[in-house]
Structures are given as structure tokens and as C-alpha cells.
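Data block below; observations after.
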Amino acid sequence: MLPPLFPLLRRAGTAVLDLLYPPHCAICRAATPSGEHLCAACRAQAPALKGTLCAVCSTPFSGQISGPFVCSSCLERHFAFTCAVSRYRSAGPVRELVHRLKYQRAVHLRGVLAGWLAEALGDPRLQDPPPDRLVPVPLHPARQRERGFNQARLLAETLSRRSGIPLSDCLRRVRFTPSQTRLDRKERMENLRDAFQLRQNCPVRNLHLLLIDDVLTTGSTVDACARVLREAGAASVRVATVARA
Ligand SMILES: [Zn+2]
Ligand SMILES: [Zn+2]
């Protein structure tokens with residue numbers, strides 16, 4: 001048990017820090033309330049996905065449509081995950097904060113980003129049934145050493161604390177795959193074959209799992225992860241990301 005003095009000291013510490021480093025918006029540097037890293041005006045610029053979304057990959061359909069719809073690319077691909085959900089497009093402040101977290105180690109932004117993930121968690125597709133475990137998409141150990149941390153793991157931990165859904169770091173990346181950004185879909189799939197494995201002593205059988213990553217691009221990475229988890233007996237695998245490309 002921590003002595004009752006501790007919360008008091010922590011509040012005092014935060015107040016001193018706020019005096020030394022006044023809290024400000026990570027985008028426009030406007031003053032913000034203590035503990036907040038994004039002002040209301042910049043938060044309002046986060047580009048929400050609008051219109052009717054593909055039931056599987058959440059890509060928006062621009063035309064008129066009524067009722068559930070599955071996009072042509074999902075109809076032909078047969079993903080191993082049931083659906084991939086995000087509330088935002090990777091653009092504007094969302095894209096900027098994801099980049100700062102990943103490439104500038106701005107780990108203090110994890111709360112804002114996990115907040116956007118929590119919005120995805122409220123989607124009906126992720127509530128029926130609610131997930132049993134959050135599973136971060138792993139980085140290869142060499143990439144993780146280079147970056148200093150795994151952003152997906154950091155976001156999953158933060159979301160786990162907020163939602164009460166336990167974290168299971170049950171996947172590992174066993175092949176170092178070159179950066180995926182310049183590859184087309186077929187090349188990505190070949191690149192990812194056998195890249196992931198289940199860790200030992202990580203039971204996933206009959207569990208409803210939710211894979212967590214920062215951004216969904218083609219879906220090839222989470223598809224490769226989902227395949228491993230389904231083969232190990234997971235009841236279902238769904239995906240939540242902060243944003244989709
Ligand atoms: Zn701002
Ligand atoms: Zn789709």
C-alpha cells in the first residue's frame with residue numbers, strides 16, 4: 001500500500017512541472033489544460049471516416065448506399081480477421097501525432113492516440129462480443145532496438161489500462177522484413193509470409209482477440225498476424241487501429 005501522502009505529492013509534482021513546462025498543444029502550441037497534449041481546435045481537425053464504411057476493412061464508400069456493404073477488394077481477399085476498425089483517416093493531426101510517436105519517440109502522446117483507439121473500440125463490430133484480450137502487432141527485435149519501443153505495444157498497454165481488457169503480448173516477429181511502405185500488395189504478402197509466430201505459453205484457444213496497431217494500410221500485416229492466431233485456435237480475431245491510410 002502506498003501512503004496517502006503519495007497522490008498529494010504527485011499532484012504537487014505535476015503542478016511544479018506545469019509551471020516549469022506549461023502544457024501546450026503538440027500541433028499549434030496553444031496553451032492546454034494540465035495533462036492534455038492537443039487543443040480542442042486541433043482535435044476538431046482529426047479527419048473522421050465518413051459515409052458508409054466497408055463492414056470488413058472500414059474503407060469509406062463515397063456513393064449512395066443503404067445497408068451493410070463489403071468493398072470489392074475485401075470480397076476477393078478473404079482476410080483472416082473479421083473486421084478492421086478505425087474512426088479516423090491517417091491525415092492532419094492524426095497522421096502528425098502517429099509520426100511523432102513512431103519516429104520522434106514522443107511517447108507522451110500515447111494518451112491522445114489511445115483515446116482515438118478507444119473510440120474505435122466503441123464500434124458495434126468490436127462489442128459483439130467484446131474482446132477478451134488486446135494483442136499488439138509485434139516489431140522485429142532489431143527494429144524495436146532501433147526505435148527504442150514498439151508503438152503498437154505502448155498503445156495497447158494504454159488502451160488496456162483504460163478499458164480493463166487484459167493485454168496479451170502473444171505474438172513475436174521472427175523475420176526482419178524490410179520497410180513495407182514501397183511495396184505493392186502482392187510483394188507485401190510475400191514479404192510477410194512466416195514473419196509472425198505465437199510465443200510459447202500463450203494460450204489463445206477459444207478467445208476473441210483484438211489486434212492493435214497504429215495505422216492500417218493494406219491490411220497485409222494484421223492479416224498475417226490474424227492467420228497465426230486463428231491457426232492457434234482463437235475464436236475470432238478483429239483489428240483496431242488509430243487510423244487507416
Ligand atoms: Zn492545437
Ligand atoms: Zn473492405
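Ligands are numbered from 1 in the order shown, chains are lettered A, B, ... in the order of the C-alpha cells, and residues start at 1 in each chain.
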For the contact check between range 175-243 of chain A and range 116-129 of chain A, emit one row per residue of range 175-243 of chain A within 8 Å, containing the shortest atom pair and the distance in Å rounded to one decimal, counting only C-alpha atoms, chain then rising number order, as a Markdown table.
| residue | atom | partner | partner_atom | distance |
| --- | --- | --- | --- | --- |
| A:His208 | CA | A:Pro129 | CA | 7.8 |
| A:Arg238 | CA | A:Leu126 | CA | 7.3 |
| A:Ala240 | CA | A:Ala120 | CA | 6.4 |
| A:Thr241 | CA | A:Leu117 | CA | 6.2 |
| A:Val242 | CA | A:Leu117 | CA | 4.9 |
Which residues of chain A come within 7 Å of ligand 2, and for each one, what is the closest pair of atoms and their distance in Å to one decimal, counting only C-alpha atoms and all ligand atoms, sorted by chain and residue number, as a Markdown table?
| residue | atom | partner | partner_atom_place_in_ligand_line | distance |
| --- | --- | --- | --- | --- |
| A:Cys54 | CA | ligand 2 | 1 (Zn) | 4.7 |
| A:Ala55 | CA | ligand 2 | 1 (Zn) | 6.6 |
| A:Val56 | CA | ligand 2 | 1 (Zn) | 5.0 |
| A:Cys57 | CA | ligand 2 | 1 (Zn) | 4.0 |
| A:Ser58 | CA | ligand 2 | 1 (Zn) | 6.0 |
| A:Thr59 | CA | ligand 2 | 1 (Zn) | 5.6 |
| A:Val70 | CA | ligand 2 | 1 (Zn) | 5.4 |
| A:Cys71 | CA | ligand 2 | 1 (Zn) | 4.2 |
| A:Ser72 | CA | ligand 2 | 1 (Zn) | 6.7 |
| A:Ser73 | CA | ligand 2 | 1 (Zn) | 5.8 |
| A:Cys74 | CA | ligand 2 | 1 (Zn) | 4.3 |
Give me, as a CSV table (one decimal) with all heavy atoms, in the first residue's frame, the set of residues whose atoms come within 6 Å of any atom of ligand 1, counting only C-alpha atoms and all ligand atoms.
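Saved result, result.csv, follows:
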chain,number,residue,atom,x,y,z
A,25,CYS,N,-0.4,22.5,-26.8
A,25,CYS,CA,-0.8,21.6,-27.9
A,25,CYS,C,0.4,21.2,-28.7
A,25,CYS,O,1.2,22.0,-29.1
A,25,CYS,CB,-1.8,22.4,-28.8
A,25,CYS,SG,-2.3,21.5,-30.2
A,27,ILE,N,0.4,20.3,-31.7
A,27,ILE,CA,0.3,20.7,-33.1
A,27,ILE,C,0.6,22.2,-33.2
A,27,ILE,O,1.4,22.7,-33.9
A,27,ILE,CB,-1.1,20.4,-33.7
A,27,ILE,CG1,-1.3,18.9,-33.7
A,27,ILE,CG2,-1.2,20.9,-35.2
A,27,ILE,CD1,-0.6,18.0,-34.6
A,28,CYS,N,-0.3,23.0,-32.5
A,28,CYS,CA,-0.2,24.5,-32.7
A,28,CYS,C,0.4,25.2,-31.5
A,28,CYS,O,0.6,26.5,-31.6
A,28,CYS,CB,-1.6,25.0,-32.9
A,28,CYS,SG,-2.6,25.0,-31.4
A,29,ARG,N,0.8,24.5,-30.5
A,29,ARG,CA,1.5,25.1,-29.3
A,29,ARG,C,0.6,26.0,-28.5
A,29,ARG,O,1.1,26.7,-27.6
A,29,ARG,CB,2.8,25.8,-29.7
A,29,ARG,CG,3.8,24.8,-30.5
A,29,ARG,CD,5.2,25.3,-30.5
A,29,ARG,NE,5.8,25.3,-29.2
A,29,ARG,CZ,6.4,24.3,-28.6
A,29,ARG,NH1,6.3,23.1,-29.2
A,29,ARG,NH2,6.9,24.4,-27.5
A,30,ALA,N,-0.7,26.1,-28.7
A,30,ALA,CA,-1.6,26.8,-27.9
A,30,ALA,C,-1.6,26.2,-26.5
A,30,ALA,O,-1.4,25.0,-26.3
A,30,ALA,CB,-3.0,26.8,-28.5
A,38,LEU,N,-3.3,18.1,-26.8
A,38,LEU,CA,-3.9,18.5,-28.1
A,38,LEU,C,-5.0,19.5,-27.7
A,38,LEU,O,-5.8,19.2,-26.8
A,38,LEU,CB,-4.5,17.3,-28.8
A,38,LEU,CG,-4.9,17.4,-30.3
A,38,LEU,CD1,-3.6,17.8,-31.1
A,38,LEU,CD2,-5.5,16.1,-30.8
A,39,CYS,N,-5.0,20.7,-28.4
A,39,CYS,CA,-6.1,21.6,-28.0
A,39,CYS,C,-7.4,21.2,-28.7
A,39,CYS,O,-7.4,20.4,-29.6
A,39,CYS,CB,-5.6,23.0,-28.4
A,39,CYS,SG,-5.7,23.3,-30.2
A,41,ALA,N,-9.3,22.9,-30.7
A,41,ALA,CA,-9.4,23.3,-32.1
A,41,ALA,C,-8.6,22.2,-33.0
A,41,ALA,O,-9.2,21.8,-34.1
A,41,ALA,CB,-8.8,24.7,-32.4
A,42,CYS,N,-7.5,21.8,-32.6
A,42,CYS,CA,-6.7,20.8,-33.4
A,42,CYS,C,-7.4,19.4,-33.3
A,42,CYS,O,-7.4,18.7,-34.3
A,42,CYS,CB,-5.3,20.7,-32.9
A,42,CYS,SG,-4.3,22.2,-33.4
From a backbone DSSP assignment, name each residue in range 75-191 of chain A labelled alpha helix (DSSP H), as a PyMOL selection string.
chain A and resi 75-77+92-104+110-121+141-147+151-163+185-191
Residue nearest Val237 in chain A - candidates A:Pro23, A:Pro7, A:Pro138, A:Pro130, atoms counted: only C-alpha atoms
A:Pro130
Quote the spacing between CA of Leu75 in chain A and CA of Arg185 in chain A in Å to one decimal place.
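According to the coordinates, CA of Leu75 in chain A and CA of Arg185 in chain A are separated by 15.4 Å.
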Within 9 Å of Phe61 in chain A using only C-alpha atoms, minus same-chain residues under 5 positions, as a list in words:
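My reading of the contact set: Lys50, Gly51, Thr52, Leu53, Cys54, Phe69 and Cys71 of chain A.
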What are the closest atom pairs, with distances in Å to one decimal, for each residue of range 119-193 of chain A lying within 12 Å of range 105-109 of chain A, using only C-alpha atoms, rows by chain and rising residue number, as a tab-separated table?
residue	atom	partner	partner_atom	distance
A:Gln144	CA	A:Arg105	CA	11.8
A:Glu146	CA	A:Arg105	CA	11.1
A:Arg147	CA	A:Arg105	CA	7.6
A:Gly148	CA	A:Arg105	CA	7.8
A:Phe149	CA	A:Arg105	CA	8.2
A:Asn150	CA	A:Arg105	CA	10.1
A:Gln151	CA	A:Val107	CA	8.4
A:Ala152	CA	A:Val107	CA	11.5
A:Arg153	CA	A:Val107	CA	11.6
A:Leu154	CA	A:Val107	CA	8.2
A:Leu155	CA	A:Val107	CA	9.5
A:Thr158	CA	A:Leu109	CA	10.8
Which residues are close to Phe196 in chain A, i.e. within 6 Å by only C-alpha atoms, leaving aside same-chain residues fewer than 3 positions away? Reply as a PyMOL selection string.
chain A and resi 172-174
Selection file, C-alpha atoms, as an mmCIF file, in the first residue's frame:
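Now in again-v9.cif:
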data_model
loop_
_atom_site.group_PDB
_atom_site.id
_atom_site.type_symbol
_atom_site.label_atom_id
_atom_site.label_comp_id
_atom_site.auth_asym_id
_atom_site.auth_seq_id
_atom_site.Cartn_x
_atom_site.Cartn_y
_atom_site.Cartn_z
ATOM 1 C CA ARG A 172 6.552 -12.290 -31.984
ATOM 2 C CA ARG A 173 8.078 -11.231 -35.245
ATOM 3 C CA VAL A 174 10.675 -13.727 -36.351
#
Residue contacts of range 215-232 of chain A (7 Å, only C-alpha atoms) excluding same-chain residues fewer than 3 positions away, as a PDB file with N, CA, C and O atoms, in the first residue's frame:
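Resulting contents of out13.pdb:
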ATOM      1  N   PHE A  79      -9.714 -12.089 -45.786  1.00  0.00           N
ATOM      2  CA  PHE A  79      -8.832 -11.822 -44.655  1.00  0.00           C
ATOM      3  C   PHE A  79      -9.052 -12.845 -43.535  1.00  0.00           C
ATOM      4  O   PHE A  79     -10.154 -13.368 -43.376  1.00  0.00           O
ATOM      5  N   ALA A  80      -8.012 -13.095 -42.742  1.00  0.00           N
ATOM      6  CA  ALA A  80      -8.135 -13.997 -41.582  1.00  0.00           C
ATOM      7  C   ALA A  80      -8.771 -13.275 -40.400  1.00  0.00           C
ATOM      8  O   ALA A  80      -9.174 -13.909 -39.435  1.00  0.00           O
ATOM      9  N   PHE A  81      -8.858 -11.933 -40.453  1.00  0.00           N
ATOM     10  CA  PHE A  81      -9.548 -11.201 -39.385  1.00  0.00           C
ATOM     11  C   PHE A  81     -10.985 -10.916 -39.819  1.00  0.00           C
ATOM     12  O   PHE A  81     -11.291 -10.868 -41.017  1.00  0.00           O
ATOM     13  N   ARG A 185       0.763  -4.750 -52.904  1.00  0.00           N
ATOM     14  CA  ARG A 185       0.085  -5.697 -52.030  1.00  0.00           C
ATOM     15  C   ARG A 185       0.666  -7.116 -52.125  1.00  0.00           C
ATOM     16  O   ARG A 185       0.891  -7.767 -51.121  1.00  0.00           O
ATOM     17  N   ARG A 188       4.014  -7.283 -50.471  1.00  0.00           N
ATOM     18  CA  ARG A 188       3.858  -7.252 -49.014  1.00  0.00           C
ATOM     19  C   ARG A 188       3.490  -8.628 -48.482  1.00  0.00           C
ATOM     20  O   ARG A 188       3.985  -9.055 -47.449  1.00  0.00           O
ATOM     21  N   MET A 189       2.584  -9.307 -49.177  1.00  0.00           N
ATOM     22  CA  MET A 189       2.133 -10.611 -48.698  1.00  0.00           C
ATOM     23  C   MET A 189       3.281 -11.614 -48.703  1.00  0.00           C
ATOM     24  O   MET A 189       3.448 -12.380 -47.764  1.00  0.00           O
ATOM     25  N   LEU A 192       5.679 -10.981 -45.935  1.00  0.00           N
ATOM     26  CA  LEU A 192       5.169 -11.243 -44.594  1.00  0.00           C
ATOM     27  C   LEU A 192       4.970 -12.722 -44.277  1.00  0.00           C
ATOM     28  O   LEU A 192       4.686 -13.079 -43.149  1.00  0.00           O
ATOM     29  N   PHE A 196       5.486 -13.992 -38.539  1.00  0.00           N
ATOM     30  CA  PHE A 196       4.991 -13.962 -37.158  1.00  0.00           C
ATOM     31  C   PHE A 196       4.844 -15.364 -36.586  1.00  0.00           C
ATOM     32  O   PHE A 196       4.526 -16.302 -37.307  1.00  0.00           O
ATOM     33  N   GLN A 197       5.059 -15.477 -35.271  1.00  0.00           N
ATOM     34  CA  GLN A 197       4.855 -16.740 -34.565  1.00  0.00           C
ATOM     35  C   GLN A 197       4.174 -16.472 -33.239  1.00  0.00           C
ATOM     36  O   GLN A 197       4.310 -15.390 -32.672  1.00  0.00           O
ATOM     37  N   LEU A 198       3.472 -17.522 -32.739  1.00  0.00           N
ATOM     38  CA  LEU A 198       2.892 -17.435 -31.407  1.00  0.00           C
ATOM     39  C   LEU A 198       3.999 -17.681 -30.388  1.00  0.00           C
ATOM     40  O   LEU A 198       4.813 -18.581 -30.557  1.00  0.00           O
ATOM     41  N   VAL A 204      -4.350 -18.990 -26.640  1.00  0.00           N
ATOM     42  CA  VAL A 204      -5.310 -18.090 -27.293  1.00  0.00           C
ATOM     43  C   VAL A 204      -6.585 -18.848 -27.689  1.00  0.00           C
ATOM     44  O   VAL A 204      -7.523 -18.245 -28.197  1.00  0.00           O
ATOM     45  N   ARG A 205      -6.575 -20.176 -27.443  1.00  0.00           N
ATOM     46  CA  ARG A 205      -7.690 -21.016 -27.880  1.00  0.00           C
ATOM     47  C   ARG A 205      -9.025 -20.497 -27.326  1.00  0.00           C
ATOM     48  O   ARG A 205      -9.116 -20.152 -26.150  1.00  0.00           O
ATOM     49  N   SER A 236     -11.971 -15.734 -32.568  1.00  0.00           N
ATOM     50  CA  SER A 236     -12.070 -14.707 -33.609  1.00  0.00           C
ATOM     51  C   SER A 236     -10.913 -13.734 -33.442  1.00  0.00           C
ATOM     52  O   SER A 236     -10.341 -13.615 -32.359  1.00  0.00           O
ATOM     53  N   VAL A 237     -10.573 -13.066 -34.533  1.00  0.00           N
ATOM     54  CA  VAL A 237      -9.570 -12.009 -34.494  1.00  0.00           C
ATOM     55  C   VAL A 237     -10.152 -10.787 -35.196  1.00  0.00           C
ATOM     56  O   VAL A 237     -10.590 -10.874 -36.344  1.00  0.00           O
ATOM     57  N   THR A 241      -7.235   0.035 -35.155  1.00  0.00           N
ATOM     58  CA  THR A 241      -6.074   0.897 -35.367  1.00  0.00           C
ATOM     59  C   THR A 241      -6.495   2.347 -35.105  1.00  0.00           C
ATOM     60  O   THR A 241      -7.678   2.681 -35.178  1.00  0.00           O
ATOM     61  N   VAL A 242      -5.499   3.181 -34.792  1.00  0.00           N
ATOM     62  CA  VAL A 242      -5.779   4.594 -34.556  1.00  0.00           C
ATOM     63  C   VAL A 242      -6.378   5.213 -35.832  1.00  0.00           C
ATOM     64  O   VAL A 242      -7.310   6.007 -35.774  1.00  0.00           O
ATOM     65  N   ALA A 243      -5.815   4.796 -36.988  1.00  0.00           N
ATOM     66  CA  ALA A 243      -6.252   5.391 -38.254  1.00  0.00           C
ATOM     67  C   ALA A 243      -6.078   4.388 -39.382  1.00  0.00           C
ATOM     68  O   ALA A 243      -5.414   3.368 -39.210  1.00  0.00           O
ATOM     69  N   ARG A 244      -6.685   4.700 -40.533  1.00  0.00           N
ATOM     70  CA  ARG A 244      -6.412   3.902 -41.704  1.00  0.00           C
ATOM     71  C   ARG A 244      -5.922   4.826 -42.814  1.00  0.00           C
ATOM     72  O   ARG A 244      -6.330   5.991 -42.920  1.00  0.00           O
ATOM     73  N   ALA A 245      -5.015   4.275 -43.643  1.00  0.00           N
ATOM     74  CA  ALA A 245      -4.412   5.098 -44.700  1.00  0.00           C
ATOM     75  C   ALA A 245      -5.468   5.435 -45.745  1.00  0.00           C
ATOM     76  O   ALA A 245      -6.463   4.750 -45.882  1.00  0.00           O
TER      77      ALA A 245
END
How far is it from CA of Arg162 in chain A to CA of Arg133 in chain A, in Å with one decimal?
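One can read the CA of Arg162 in chain A to CA of Arg133 in chain A distance as 13.3 Å.
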DSSP-assigned strand (DSSP E) among range 33-210 of chain A, expressed as a PyMOL selection string:
chain A and resi 52-53+60-61+84-85+88-89+133-136+171-173+196-198+208-210
Cys202 in chain A environment, 10 Å, only C-alpha atoms, sequence neighbours closer than 6 positions dropped, as a ChimeraX atom specification:
/A:168-171,232
With only C-alpha atoms as the basis for distance, which of A:Tyr21, A:Gln200, A:Leu209, A:Ala15 is at the shortest distance from Val137 in chain A?
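Among A:Tyr21, A:Gln200, A:Leu209, A:Ala15, it is A:Leu209 that comes nearest to Val137 in chain A.
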Given only C-alpha atoms as the basis, pick out the residue of A:Ser34, A:Asn206, A:Ser86, A:Asn201 nearest to Leu49 in chain A.
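Closest to Leu49 in chain A of all the choices is A:Ser86.
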